[in-house]
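Participant: To start, I am sharing the structure in question, which I have written as structure tokens.
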2 protein chains.
Amino acid sequence: MTRKRDKKRANLRDVARAAEVSVATVSRVLNTPDVVQKKTREKVEKVIAELGFHPSAAARAINSGRTKIIGALIPTLDSDIFAITIDAIESRLGDFGFSLVVATTGEDPDVEAARARELLDIGVEGLFFPGIHHSQELYDLLDRTKVPTIAISYFDATFAYPTIGYDNREAARLALDHLLDLGHRRIAVVHGPKDHNDRTRARVTGASTQRSGTELAFFETDLSVAGGAKAARDAMKQPTEFDAYLCTSDTQAFGAIFELQRAGIQVPNDVSVMGLHDLPSAQYVNPSLSTIELPVREMGTLAAESLARWVEKDVRPAPVCLPSQLRARASTARKEN
Amino acid sequence: MTRKRDKKRANLRDVARAAEVSVATVSRVLNTPDVVQKKTREKVEKVIAELGFHPSAAARAINSGRTKIIGALIPTLDSDIFAITIDAIESRLGDFGFSLVVATTGEDPDVEAARARELLDIGVEGLFFPGIHHSQELYDLLDRTKVPTIAISYFDATFAYPTIGYDNREAARLALDHLLDLGHRRIAVVHGPKDHNDRTRARVTGASTQRSGTELAFFETDLSVAGGAKAARDAMKQPTEFDAYLCTSDTQAFGAIFELQRAGIQVPNDVSVMGLHDLPSAQYVNPSLSTIELPVREMGTLAAESLARWVEKDVRPAPVCLPSQLRARASTARKEN
DNA sequence: ATGAAAGCGCTAACAG
DNA sequence: CTGTTAGCGCTTTCAT
């Protein structure tokens, strides 16, 4: 009757009592097992198993300051590129015992700062965000909290936080060069919204040239298959007849190819199309998509490892620029005379 | 010199001291502002702002049991379908003040149970998982912790936890019926791994029929464009000449279409191809993909609302079956004689 | 190697 | 409406 066994979950004290040791000892077998005598440790471990005891993360957090949670700010999960990156990050983080909480920002700096604050309130020990363009509010927040933060999908060795990504400008330039090498001169550059998106801006810069004899037209559209299709539709309405389309994202390139083909235009005979990313499906479309490979999965894995190490061992990672490279496939061809 | 202002972050006591009130009052303006006198409240709020005070989530969690964190167990983020669903869930959850921590399981029940335990240890107040096939270990865990849990992407009114999803069997049957209606009889059914995946199994069941005169062949392959392409390659090697391909996922359908076209086979003239999902790009491929629409985004939004309400107001949601429907497009056509 | 005890920052009775 | 106080479950000195 008077038994007070209505407790929901066993706690340290329960274990200590059952194992006939002190709470400190139980805490030790949990955190520094090697420092407690084998016999004692085994007994405690046995009791822990019997009671199905699991330490409370909150209580641990309040004492040690450790939450084992990492946060990621991302524009959207609804996009192949980010989904792959986050998948890689989450997966690798798991190996280090970290959990990942994601917060989507819709590419809005104010929303981003607000969501960052939420993550920080939760007690994330580390943070990822894309690129280097963020609100002052967010920077202030990070300054104050000193939370290890890594910028991904971008490379800039001078940025206040380590960047682990690729050179978006260079990647786009590789794409442009490929098209120029093939003899194309009138090029439609299809890109996503530049607003608040430094990755896109860098790509657009890389896809620009002053080279005489070239004629570039820029089409800003949604970062989706639908967006690529729309851009192609718009481009076809123009007086200029383009030799090639340079899409700064594979997703848009798919849309462009589909729309061009629908209009009876042959790729690459009539027009060449380039993407950027090398998504898994790039080699399967017809024609297979020439693109620039961006090692997003490797990036995610590396970024996760780096942040885990930073948080765990206080070693701030150096910026890393992963190589992007040309994947010339069937959607681009030499310009016919 | 002797100032002990080296504290990292202001805490309740600091605020209380500065505002010349008790910690209880500060706690009240944080949690039940209406219960404290306007003048006092304003003063406290002012101090809170000045000190840049933010309550510790861990400390709050340890006392109130509330973490405002929801967990999601998913096979992978690296897949359009799950990415869209999670995007919707995260987004809607944010409106309710919840954060989302994701854990990927790779479709392995043991990994799933292990990751679930991690989430529970963190103190998630609610949980999502896909379908109704899980390890006993996970069920025991949920039984013990009583954490509100919703199964998504599946519908089964009799399941121990509320399901919010769609009828996978019915969706696949709709697809099959469409092909049968068009006169196709020899059908290649392309599906993902059935192991540990009740969604896929239900779809395969729905895509099966005993109807005489029909000839079904099943191809299990990866849930990817590459997988779809491979299945098509395998199917073309068979002695049977298929009238149609029924892919239980759009992603695979894309791969199948690409591969068939590559082999010089016309879709839908030579062979019809159906997908399932209605991914955003389905209407853009050539030919546009006939498919069954699965309302994944709506599902995510609804699931998030339902779980938030369950956690917050203790109202357990009723199971919901969202309607799937035929989207007949250009990749399917009546069988020529 | 182990235990006792002092908190961590906050919430929640209980008084007043 | 506000203050006092007792914990929540754990980590961490400091002794022993």
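Ligands are numbered from 1 in the order shown, chains are lettered A, B, ... in the order of the structure tokens, and residues start at 1 in each chain.
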For chain A, list the residues within 7 Å of chain B, counting only C-alpha atoms, and write the list as a PDB file with all heavy atoms, in the first residue's frame.
Facilitator:
```
ATOM      1  N   SER A  56      18.387  10.419 -17.945  1.00  0.00           N
ATOM      2  CA  SER A  56      17.613  11.513 -18.521  1.00  0.00           C
ATOM      3  C   SER A  56      18.536  12.496 -19.215  1.00  0.00           C
ATOM      4  O   SER A  56      19.461  13.041 -18.608  1.00  0.00           O
ATOM      5  CB  SER A  56      16.849  12.224 -17.408  1.00  0.00           C
ATOM      6  OG  SER A  56      16.770  13.600 -17.655  1.00  0.00           O
ATOM      7  N   ALA A  57      18.273  12.679 -20.495  1.00  0.00           N
ATOM      8  CA  ALA A  57      19.123  13.576 -21.279  1.00  0.00           C
ATOM      9  C   ALA A  57      19.041  15.000 -20.737  1.00  0.00           C
ATOM     10  O   ALA A  57      20.030  15.730 -20.720  1.00  0.00           O
ATOM     11  CB  ALA A  57      18.708  13.541 -22.744  1.00  0.00           C
ATOM     12  N   ALA A  58      17.868  15.379 -20.287  1.00  0.00           N
ATOM     13  CA  ALA A  58      17.680  16.742 -19.787  1.00  0.00           C
ATOM     14  C   ALA A  58      18.529  16.984 -18.547  1.00  0.00           C
ATOM     15  O   ALA A  58      19.228  17.989 -18.434  1.00  0.00           O
ATOM     16  CB  ALA A  58      16.214  16.982 -19.468  1.00  0.00           C
ATOM     17  N   ALA A  59      18.468  16.030 -17.636  1.00  0.00           N
ATOM     18  CA  ALA A  59      19.236  16.190 -16.406  1.00  0.00           C
ATOM     19  C   ALA A  59      20.731  16.217 -16.710  1.00  0.00           C
ATOM     20  O   ALA A  59      21.497  16.989 -16.145  1.00  0.00           O
ATOM     21  CB  ALA A  59      18.928  15.055 -15.443  1.00  0.00           C
ATOM     22  N   ALA A  61      22.026  17.186 -19.483  1.00  0.00           N
ATOM     23  CA  ALA A  61      22.306  18.441 -20.175  1.00  0.00           C
ATOM     24  C   ALA A  61      22.467  19.580 -19.192  1.00  0.00           C
ATOM     25  O   ALA A  61      23.358  20.426 -19.315  1.00  0.00           O
ATOM     26  CB  ALA A  61      21.190  18.749 -21.164  1.00  0.00           C
ATOM     27  N   ILE A  62      21.612  19.605 -18.201  1.00  0.00           N
ATOM     28  CA  ILE A  62      21.633  20.713 -17.260  1.00  0.00           C
ATOM     29  C   ILE A  62      22.930  20.740 -16.462  1.00  0.00           C
ATOM     30  O   ILE A  62      23.417  21.786 -16.052  1.00  0.00           O
ATOM     31  CB  ILE A  62      20.416  20.621 -16.313  1.00  0.00           C
ATOM     32  CG1 ILE A  62      20.030  22.009 -15.849  1.00  0.00           C
ATOM     33  CG2 ILE A  62      20.707  19.746 -15.144  1.00  0.00           C
ATOM     34  CD1 ILE A  62      18.899  21.976 -14.874  1.00  0.00           C
ATOM     35  N   THR A  76      15.070  24.309 -47.412  1.00  0.00           N
ATOM     36  CA  THR A  76      13.965  23.370 -47.532  1.00  0.00           C
ATOM     37  C   THR A  76      14.507  21.960 -47.631  1.00  0.00           C
ATOM     38  O   THR A  76      15.623  21.751 -48.065  1.00  0.00           O
ATOM     39  CB  THR A  76      13.103  23.655 -48.781  1.00  0.00           C
ATOM     40  OG1 THR A  76      12.132  22.619 -48.917  1.00  0.00           O
ATOM     41  CG2 THR A  76      13.963  23.673 -50.033  1.00  0.00           C
ATOM     42  N   LEU A  77      13.706  21.020 -47.198  1.00  0.00           N
ATOM     43  CA  LEU A  77      14.081  19.618 -47.309  1.00  0.00           C
ATOM     44  C   LEU A  77      13.564  19.091 -48.638  1.00  0.00           C
ATOM     45  O   LEU A  77      13.988  18.047 -49.124  1.00  0.00           O
ATOM     46  CB  LEU A  77      13.387  18.856 -46.175  1.00  0.00           C
ATOM     47  CG  LEU A  77      14.188  17.996 -45.218  1.00  0.00           C
ATOM     48  CD1 LEU A  77      15.657  18.302 -45.232  1.00  0.00           C
ATOM     49  CD2 LEU A  77      13.615  18.145 -43.845  1.00  0.00           C
ATOM     50  N   ASP A  78      12.658  19.848 -49.202  1.00  0.00           N
ATOM     51  CA  ASP A  78      11.958  19.439 -50.407  1.00  0.00           C
ATOM     52  C   ASP A  78      12.793  19.779 -51.639  1.00  0.00           C
ATOM     53  O   ASP A  78      12.384  20.543 -52.493  1.00  0.00           O
ATOM     54  CB  ASP A  78      10.603  20.143 -50.467  1.00  0.00           C
ATOM     55  CG  ASP A  78       9.788  19.667 -51.643  1.00  0.00           C
ATOM     56  OD1 ASP A  78      10.250  18.771 -52.356  1.00  0.00           O
ATOM     57  OD2 ASP A  78       8.691  20.213 -51.843  1.00  0.00           O
ATOM     58  N   ASP A  80      16.182  17.756 -53.852  1.00  0.00           N
ATOM     59  CA  ASP A  80      17.140  16.660 -53.863  1.00  0.00           C
ATOM     60  C   ASP A  80      18.444  17.017 -53.195  1.00  0.00           C
ATOM     61  O   ASP A  80      18.979  16.261 -52.382  1.00  0.00           O
ATOM     62  CB  ASP A  80      17.438  16.261 -55.312  1.00  0.00           C
ATOM     63  CG  ASP A  80      16.333  15.412 -55.879  1.00  0.00           C
ATOM     64  OD1 ASP A  80      16.115  14.330 -55.332  1.00  0.00           O
ATOM     65  OD2 ASP A  80      15.694  15.839 -56.848  1.00  0.00           O
ATOM     66  N   ALA A  83      18.245  17.406 -49.420  1.00  0.00           N
ATOM     67  CA  ALA A  83      17.855  16.130 -48.825  1.00  0.00           C
ATOM     68  C   ALA A  83      19.046  15.182 -48.767  1.00  0.00           C
ATOM     69  O   ALA A  83      19.296  14.537 -47.750  1.00  0.00           O
ATOM     70  CB  ALA A  83      16.706  15.507 -49.614  1.00  0.00           C
ATOM     71  N   ILE A  84      19.801  15.122 -49.832  1.00  0.00           N
ATOM     72  CA  ILE A  84      20.972  14.243 -49.861  1.00  0.00           C
ATOM     73  C   ILE A  84      21.999  14.700 -48.828  1.00  0.00           C
ATOM     74  O   ILE A  84      22.538  13.904 -48.066  1.00  0.00           O
ATOM     75  CB  ILE A  84      21.609  14.230 -51.267  1.00  0.00           C
ATOM     76  CG1 ILE A  84      20.653  13.589 -52.265  1.00  0.00           C
ATOM     77  CG2 ILE A  84      22.939  13.482 -51.238  1.00  0.00           C
ATOM     78  CD1 ILE A  84      21.138  13.635 -53.708  1.00  0.00           C
ATOM     79  N   ASP A  87      20.745  13.992 -45.371  1.00  0.00           N
ATOM     80  CA  ASP A  87      20.772  12.558 -45.145  1.00  0.00           C
ATOM     81  C   ASP A  87      22.179  12.121 -44.747  1.00  0.00           C
ATOM     82  O   ASP A  87      22.367  11.371 -43.776  1.00  0.00           O
ATOM     83  CB  ASP A  87      20.336  11.825 -46.423  1.00  0.00           C
ATOM     84  CG  ASP A  87      20.133  10.336 -46.204  1.00  0.00           C
ATOM     85  OD1 ASP A  87      19.188   9.993 -45.468  1.00  0.00           O
ATOM     86  OD2 ASP A  87      20.905   9.524 -46.734  1.00  0.00           O
ATOM     87  N   SER A  91      23.267  10.881 -40.958  1.00  0.00           N
ATOM     88  CA  SER A  91      23.794   9.530 -40.871  1.00  0.00           C
ATOM     89  C   SER A  91      25.166   9.497 -40.186  1.00  0.00           C
ATOM     90  O   SER A  91      25.404   8.705 -39.274  1.00  0.00           O
ATOM     91  CB  SER A  91      23.880   8.978 -42.289  1.00  0.00           C
ATOM     92  OG  SER A  91      24.488   7.732 -42.290  1.00  0.00           O
ATOM     93  N   LEU A 100      20.250  14.968 -34.812  1.00  0.00           N
ATOM     94  CA  LEU A 100      20.154  16.133 -35.688  1.00  0.00           C
ATOM     95  C   LEU A 100      18.760  16.718 -35.640  1.00  0.00           C
ATOM     96  O   LEU A 100      17.790  16.018 -35.896  1.00  0.00           O
ATOM     97  CB  LEU A 100      20.452  15.709 -37.117  1.00  0.00           C
ATOM     98  CG  LEU A 100      21.010  16.683 -38.177  1.00  0.00           C
ATOM     99  CD1 LEU A 100      20.170  16.678 -39.408  1.00  0.00           C
ATOM    100  CD2 LEU A 100      21.246  18.090 -37.652  1.00  0.00           C
ATOM    101  N   VAL A 101      18.657  17.979 -35.304  1.00  0.00           N
ATOM    102  CA  VAL A 101      17.354  18.616 -35.441  1.00  0.00           C
ATOM    103  C   VAL A 101      17.420  19.619 -36.578  1.00  0.00           C
ATOM    104  O   VAL A 101      18.359  20.399 -36.682  1.00  0.00           O
ATOM    105  CB  VAL A 101      16.828  19.229 -34.108  1.00  0.00           C
ATOM    106  CG1 VAL A 101      17.936  19.474 -33.139  1.00  0.00           C
ATOM    107  CG2 VAL A 101      16.016  20.477 -34.345  1.00  0.00           C
ATOM    108  N   VAL A 102      16.454  19.501 -37.450  1.00  0.00           N
ATOM    109  CA  VAL A 102      16.444  20.335 -38.645  1.00  0.00           C
ATOM    110  C   VAL A 102      15.446  21.477 -38.491  1.00  0.00           C
ATOM    111  O   VAL A 102      14.413  21.330 -37.843  1.00  0.00           O
ATOM    112  CB  VAL A 102      16.056  19.525 -39.899  1.00  0.00           C
ATOM    113  CG1 VAL A 102      17.089  18.471 -40.196  1.00  0.00           C
ATOM    114  CG2 VAL A 102      14.687  18.919 -39.731  1.00  0.00           C
ATOM    115  N   THR A 104      13.742  24.402 -41.087  1.00  0.00           N
ATOM    116  CA  THR A 104      13.711  24.964 -42.440  1.00  0.00           C
ATOM    117  C   THR A 104      13.399  26.449 -42.396  1.00  0.00           C
ATOM    118  O   THR A 104      12.634  26.917 -41.562  1.00  0.00           O
ATOM    119  CB  THR A 104      12.672  24.243 -43.326  1.00  0.00           C
ATOM    120  OG1 THR A 104      11.397  24.313 -42.717  1.00  0.00           O
ATOM    121  CG2 THR A 104      13.045  22.785 -43.515  1.00  0.00           C
ATOM    122  N   ASP A 121      18.144  27.552 -28.116  1.00  0.00           N
ATOM    123  CA  ASP A 121      17.405  27.384 -26.864  1.00  0.00           C
ATOM    124  C   ASP A 121      17.294  25.912 -26.486  1.00  0.00           C
ATOM    125  O   ASP A 121      17.362  25.550 -25.319  1.00  0.00           O
ATOM    126  CB  ASP A 121      15.993  27.983 -26.990  1.00  0.00           C
ATOM    127  CG  ASP A 121      16.031  29.498 -26.889  1.00  0.00           C
ATOM    128  OD1 ASP A 121      17.115  30.042 -26.571  1.00  0.00           O
ATOM    129  OD2 ASP A 121      15.006  30.143 -27.128  1.00  0.00           O
ATOM    130  N   ILE A 122      17.119  25.089 -27.496  1.00  0.00           N
ATOM    131  CA  ILE A 122      17.067  23.652 -27.238  1.00  0.00           C
ATOM    132  C   ILE A 122      18.386  23.193 -26.658  1.00  0.00           C
ATOM    133  O   ILE A 122      18.460  22.230 -25.903  1.00  0.00           O
ATOM    134  CB  ILE A 122      16.785  22.881 -28.553  1.00  0.00           C
ATOM    135  CG1 ILE A 122      15.332  23.025 -28.947  1.00  0.00           C
ATOM    136  CG2 ILE A 122      17.153  21.425 -28.418  1.00  0.00           C
ATOM    137  CD1 ILE A 122      15.004  22.332 -30.242  1.00  0.00           C
ATOM    138  N   GLY A 123      19.437  23.895 -27.051  1.00  0.00           N
ATOM    139  CA  GLY A 123      20.755  23.549 -26.533  1.00  0.00           C
ATOM    140  C   GLY A 123      21.634  22.823 -27.525  1.00  0.00           C
ATOM    141  O   GLY A 123      22.488  22.033 -27.130  1.00  0.00           O
ATOM    142  N   VAL A 225      11.923  21.285 -61.308  1.00  0.00           N
ATOM    143  CA  VAL A 225      11.714  20.836 -62.678  1.00  0.00           C
ATOM    144  C   VAL A 225      10.742  21.785 -63.372  1.00  0.00           C
ATOM    145  O   VAL A 225      10.959  22.213 -64.511  1.00  0.00           O
ATOM    146  CB  VAL A 225      11.178  19.392 -62.686  1.00  0.00           C
ATOM    147  CG1 VAL A 225      10.772  18.987 -64.095  1.00  0.00           C
ATOM    148  CG2 VAL A 225      12.230  18.438 -62.143  1.00  0.00           C
ATOM    149  N   GLY A 255      13.966  19.902 -66.288  1.00  0.00           N
ATOM    150  CA  GLY A 255      12.773  20.602 -66.754  1.00  0.00           C
ATOM    151  C   GLY A 255      12.991  21.220 -68.123  1.00  0.00           C
ATOM    152  O   GLY A 255      12.117  21.163 -68.993  1.00  0.00           O
ATOM    153  N   PHE A 258      13.037  18.460 -70.828  1.00  0.00           N
ATOM    154  CA  PHE A 258      11.685  17.952 -71.087  1.00  0.00           C
ATOM    155  C   PHE A 258      10.888  18.959 -71.923  1.00  0.00           C
ATOM    156  O   PHE A 258      10.212  18.603 -72.884  1.00  0.00           O
ATOM    157  CB  PHE A 258      10.952  17.681 -69.764  1.00  0.00           C
ATOM    158  CG  PHE A 258      11.592  16.614 -68.922  1.00  0.00           C
ATOM    159  CD1 PHE A 258      11.475  16.647 -67.535  1.00  0.00           C
ATOM    160  CD2 PHE A 258      12.311  15.559 -69.499  1.00  0.00           C
ATOM    161  CE1 PHE A 258      12.053  15.663 -66.745  1.00  0.00           C
ATOM    162  CE2 PHE A 258      12.898  14.572 -68.713  1.00  0.00           C
ATOM    163  CZ  PHE A 258      12.777  14.623 -67.327  1.00  0.00           C
ATOM    164  N   SER A 281      19.952  10.854 -60.933  1.00  0.00           N
ATOM    165  CA  SER A 281      19.198  10.551 -62.149  1.00  0.00           C
ATOM    166  C   SER A 281      19.796  11.192 -63.397  1.00  0.00           C
ATOM    167  O   SER A 281      19.347  10.911 -64.505  1.00  0.00           O
ATOM    168  CB  SER A 281      17.738  10.966 -61.979  1.00  0.00           C
ATOM    169  OG  SER A 281      17.642  12.218 -61.359  1.00  0.00           O
ATOM    170  N   TYR A 284      20.571   8.986 -66.201  1.00  0.00           N
ATOM    171  CA  TYR A 284      19.502   8.135 -66.726  1.00  0.00           C
ATOM    172  C   TYR A 284      18.558   8.830 -67.692  1.00  0.00           C
ATOM    173  O   TYR A 284      17.922   8.183 -68.511  1.00  0.00           O
ATOM    174  CB  TYR A 284      18.711   7.515 -65.568  1.00  0.00           C
ATOM    175  CG  TYR A 284      19.538   6.492 -64.843  1.00  0.00           C
ATOM    176  CD1 TYR A 284      20.205   6.817 -63.666  1.00  0.00           C
ATOM    177  CD2 TYR A 284      19.706   5.214 -65.365  1.00  0.00           C
ATOM    178  CE1 TYR A 284      20.994   5.884 -63.016  1.00  0.00           C
ATOM    179  CE2 TYR A 284      20.499   4.278 -64.730  1.00  0.00           C
ATOM    180  CZ  TYR A 284      21.143   4.616 -63.553  1.00  0.00           C
ATOM    181  OH  TYR A 284      21.929   3.691 -62.929  1.00  0.00           O
ATOM    182  N   VAL A 285      18.437  10.150 -67.579  1.00  0.00           N
ATOM    183  CA  VAL A 285      17.527  10.851 -68.499  1.00  0.00           C
ATOM    184  C   VAL A 285      18.004  10.686 -69.929  1.00  0.00           C
ATOM    185  O   VAL A 285      19.149  10.322 -70.182  1.00  0.00           O
ATOM    186  CB  VAL A 285      17.429  12.365 -68.176  1.00  0.00           C
ATOM    187  CG1 VAL A 285      16.661  12.617 -66.921  1.00  0.00           C
ATOM    188  CG2 VAL A 285      18.800  13.008 -68.155  1.00  0.00           C
ATOM    189  N   ASN A 286      17.105  10.988 -70.848  1.00  0.00           N
ATOM    190  CA  ASN A 286      17.467  10.942 -72.264  1.00  0.00           C
ATOM    191  C   ASN A 286      17.400  12.334 -72.864  1.00  0.00           C
ATOM    192  O   ASN A 286      16.349  12.936 -72.844  1.00  0.00           O
ATOM    193  CB  ASN A 286      16.491  10.043 -73.036  1.00  0.00           C
ATOM    194  CG  ASN A 286      16.651   8.611 -72.645  1.00  0.00           C
ATOM    195  OD1 ASN A 286      17.755   8.112 -72.575  1.00  0.00           O
ATOM    196  ND2 ASN A 286      15.529   7.951 -72.383  1.00  0.00           N
TER     197      ASN A 286
END
```
Participant: As a compact mmCIF listing (two decimals) with all heavy atoms, in the first residue's frame, please: the residues near DT2 in chain D (cut-off 9 Å, only C-alpha atoms (C1' of nucleotides), same-chain neighbours under 6 positions excluded).
Facilitator:
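For reference, out13.txt as written:
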```txt
# COMPACT_ATOMS: atom_id res chain seq x y z
N VAL B 21 12.59 40.89 -7.99
CA VAL B 21 11.43 40.04 -7.73
C VAL B 21 11.97 38.65 -7.40
O VAL B 21 13.17 38.43 -7.40
CB VAL B 21 10.48 39.94 -8.95
CG1 VAL B 21 9.87 41.30 -9.27
CG2 VAL B 21 11.22 39.37 -10.14
N SER B 22 11.09 37.72 -7.18
CA SER B 22 11.54 36.36 -6.90
C SER B 22 11.65 35.56 -8.19
O SER B 22 11.07 35.92 -9.22
CB SER B 22 10.55 35.67 -5.97
OG SER B 22 9.38 35.36 -6.69
N ALA B 24 10.30 32.87 -8.80
CA ALA B 24 8.97 32.36 -9.14
C ALA B 24 8.24 33.33 -10.06
O ALA B 24 7.61 32.94 -11.03
CB ALA B 24 8.17 32.11 -7.88
N THR B 25 8.36 34.60 -9.73
CA THR B 25 7.69 35.61 -10.56
C THR B 25 8.25 35.62 -11.98
O THR B 25 7.51 35.69 -12.95
CB THR B 25 7.85 37.00 -9.91
OG1 THR B 25 7.23 36.97 -8.64
CG2 THR B 25 7.19 38.06 -10.77
N VAL B 36 0.50 37.48 -13.70
CA VAL B 36 1.31 38.44 -12.96
C VAL B 36 0.96 39.89 -13.32
O VAL B 36 0.61 40.20 -14.46
CB VAL B 36 2.83 38.15 -13.17
CG1 VAL B 36 3.10 37.59 -14.53
CG2 VAL B 36 3.66 39.38 -12.94
P DG C 16 1.97 30.99 6.20
OP1 DG C 16 3.15 31.13 7.09
OP2 DG C 16 0.69 30.46 6.72
O5' DG C 16 1.69 32.40 5.51
C5' DG C 16 2.80 33.25 5.21
C4' DG C 16 2.34 34.33 4.29
O4' DG C 16 1.75 33.76 3.10
C3' DG C 16 1.27 35.26 4.86
O3' DG C 16 1.80 36.56 4.91
C2' DG C 16 0.13 35.23 3.85
C1' DG C 16 0.84 34.72 2.60
N9 DG C 16 -0.01 34.11 1.59
C8 DG C 16 -0.84 33.02 1.74
N7 DG C 16 -1.49 32.72 0.66
C5 DG C 16 -1.07 33.67 -0.27
C6 DG C 16 -1.44 33.86 -1.62
O6 DG C 16 -2.24 33.19 -2.29
N1 DG C 16 -0.77 34.96 -2.18
C2 DG C 16 0.13 35.76 -1.51
N2 DG C 16 0.67 36.75 -2.21
N3 DG C 16 0.48 35.59 -0.26
C4 DG C 16 -0.15 34.54 0.31
```
Participant: Tell me which protein, DNA and RNA residues are within 10 Å of DT12 in chain D, counting only C-alpha atoms (C1' of nucleotides), leaving out same-chain ones fewer than 2 positions away, and put them as a list in words.
Facilitator: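 Result of the neighbour search: Ala24, Asn63 and Ser64 of chain A; DA6 and DG7 of chain C; DC10 and DC14 of chain D.
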Participant: Those selected residues, please, written with N, CA and C atoms (P, O5', C5', C4', C3', O3' and C1' of nucleotides) and delivered as a PDB file, in the first residue's frame.
Facilitator:
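Saved result, result-v3.pdb, follows:
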```pdb
ATOM      1  N   ALA A  24      26.841   8.492  -7.049  1.00  0.00           N
ATOM      2  CA  ALA A  24      28.075   8.905  -7.725  1.00  0.00           C
ATOM      3  C   ALA A  24      28.689   7.729  -8.474  1.00  0.00           C
ATOM      4  N   ASN A  63      23.511  19.583 -16.269  1.00  0.00           N
ATOM      5  CA  ASN A  63      24.730  19.503 -15.484  1.00  0.00           C
ATOM      6  C   ASN A  63      25.987  19.636 -16.320  1.00  0.00           C
ATOM      7  N   SER A  64      26.031  18.845 -17.363  1.00  0.00           N
ATOM      8  CA  SER A  64      27.252  18.811 -18.156  1.00  0.00           C
ATOM      9  C   SER A  64      27.236  19.842 -19.277  1.00  0.00           C
TER      10      SER A  64
ATOM     11  P    DA C   6      25.810  20.060   1.416  1.00  0.00           P
ATOM     12  O5'  DA C   6      26.340  21.149   0.386  1.00  0.00           O
ATOM     13  C5'  DA C   6      27.710  21.126  -0.025  1.00  0.00           C
ATOM     14  C4'  DA C   6      27.786  21.525  -1.490  1.00  0.00           C
ATOM     15  C3'  DA C   6      26.735  22.564  -1.887  1.00  0.00           C
ATOM     16  O3'  DA C   6      27.322  23.491  -2.780  1.00  0.00           O
ATOM     17  C1'  DA C   6      26.531  20.687  -3.284  1.00  0.00           C
ATOM     18  P    DG C   7      26.612  24.875  -3.102  1.00  0.00           P
ATOM     19  O5'  DG C   7      25.121  24.336  -3.369  1.00  0.00           O
ATOM     20  C5'  DG C   7      24.397  24.815  -4.496  1.00  0.00           C
ATOM     21  C4'  DG C   7      25.088  24.408  -5.791  1.00  0.00           C
ATOM     22  C3'  DG C   7      24.256  24.778  -7.006  1.00  0.00           C
ATOM     23  O3'  DG C   7      25.088  25.265  -8.036  1.00  0.00           O
ATOM     24  C1'  DG C   7      24.537  22.417  -6.917  1.00  0.00           C
TER      25       DG C   7
ATOM     26  P    DC D  10      18.944  10.079 -13.886  1.00  0.00           P
ATOM     27  O5'  DC D  10      20.253  10.963 -13.835  1.00  0.00           O
ATOM     28  C5'  DC D  10      20.598  11.708 -14.983  1.00  0.00           C
ATOM     29  C4'  DC D  10      21.562  12.811 -14.627  1.00  0.00           C
ATOM     30  C3'  DC D  10      22.970  12.336 -14.288  1.00  0.00           C
ATOM     31  O3'  DC D  10      23.809  12.544 -15.430  1.00  0.00           O
ATOM     32  C1'  DC D  10      22.195  14.074 -12.819  1.00  0.00           C
ATOM     33  P    DC D  14      37.454  21.018  -5.027  1.00  0.00           P
ATOM     34  O5'  DC D  14      37.126  20.063  -3.789  1.00  0.00           O
ATOM     35  C5'  DC D  14      35.935  20.284  -3.024  1.00  0.00           C
ATOM     36  C4'  DC D  14      35.822  19.216  -1.956  1.00  0.00           C
ATOM     37  C3'  DC D  14      37.170  18.835  -1.323  1.00  0.00           C
ATOM     38  O3'  DC D  14      37.028  18.835   0.087  1.00  0.00           O
ATOM     39  C1'  DC D  14      36.040  16.905  -2.068  1.00  0.00           C
TER      40       DC D  14
END
```
Participant: Output as a VMD selection string all residues of range 56-292 of chain B that backbone DSSP marks as strand (DSSP E or B).
Facilitator: chain B and resid 69 to 74 99 to 104 126 to 130 149 to 152 163 to 166 186 to 191 215 to 220 244 to 247 272 to 274 277 290 to 292
Participant: Could you pull out the residues in range 228-262 of chain A that DSSP calls helix (DSSP H, G or I) from the backbone, as a PyMOL selection string?
Facilitator: chain A and resi 228-237+250-262
Participant: Need to verify the contact set: DC14 in chain C, 12 Å, only C-alpha atoms (C1' of nucleotides), exclusion of same-chain residues closer than 6 positions in sequence. Can you return it as a list in words?
Facilitator: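 With the cut-off at 12 Å, the set is DG3, DT4, DT5 and DA6 of chain D.
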Participant: Compile a residue-level contact table for chain C against chain A at a cut-off of 7 Å, reporting for every qualifying residue the shortest atom pair and its distance in Å to one decimal, with only C-alpha atoms (C1' of nucleotides) counted, rows ordered by chain and ascending number, as a Markdown table.
Facilitator:
```
| residue | atom | partner | partner_atom | distance |
| --- | --- | --- | --- | --- |
| C:DA1 | C1' | A:Val36 | CA | 6.2 |
| C:DT2 | C1' | A:Thr25 | CA | 6.8 |
| C:DG3 | C1' | A:Ser22 | CA | 6.1 |
| C:DC8 | C1' | A:Asn63 | CA | 5.0 |
```
Participant: I'd like the interatomic distance between CA of Arg173 in chain B and CA of Ala207 in chain B, to a tenth of an Å.
Facilitator: 5.2 Å
Participant: Write out as a list in words which residues come within 6 Å of Leu216 in chain A when counting only C-alpha atoms (C1' of nucleotides), dropping same-chain ones fewer than 2 positions away.
Facilitator: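 Near neighbours after the sequence-gap exclusion: Arg186, Ile187 and Ala188 of chain A.
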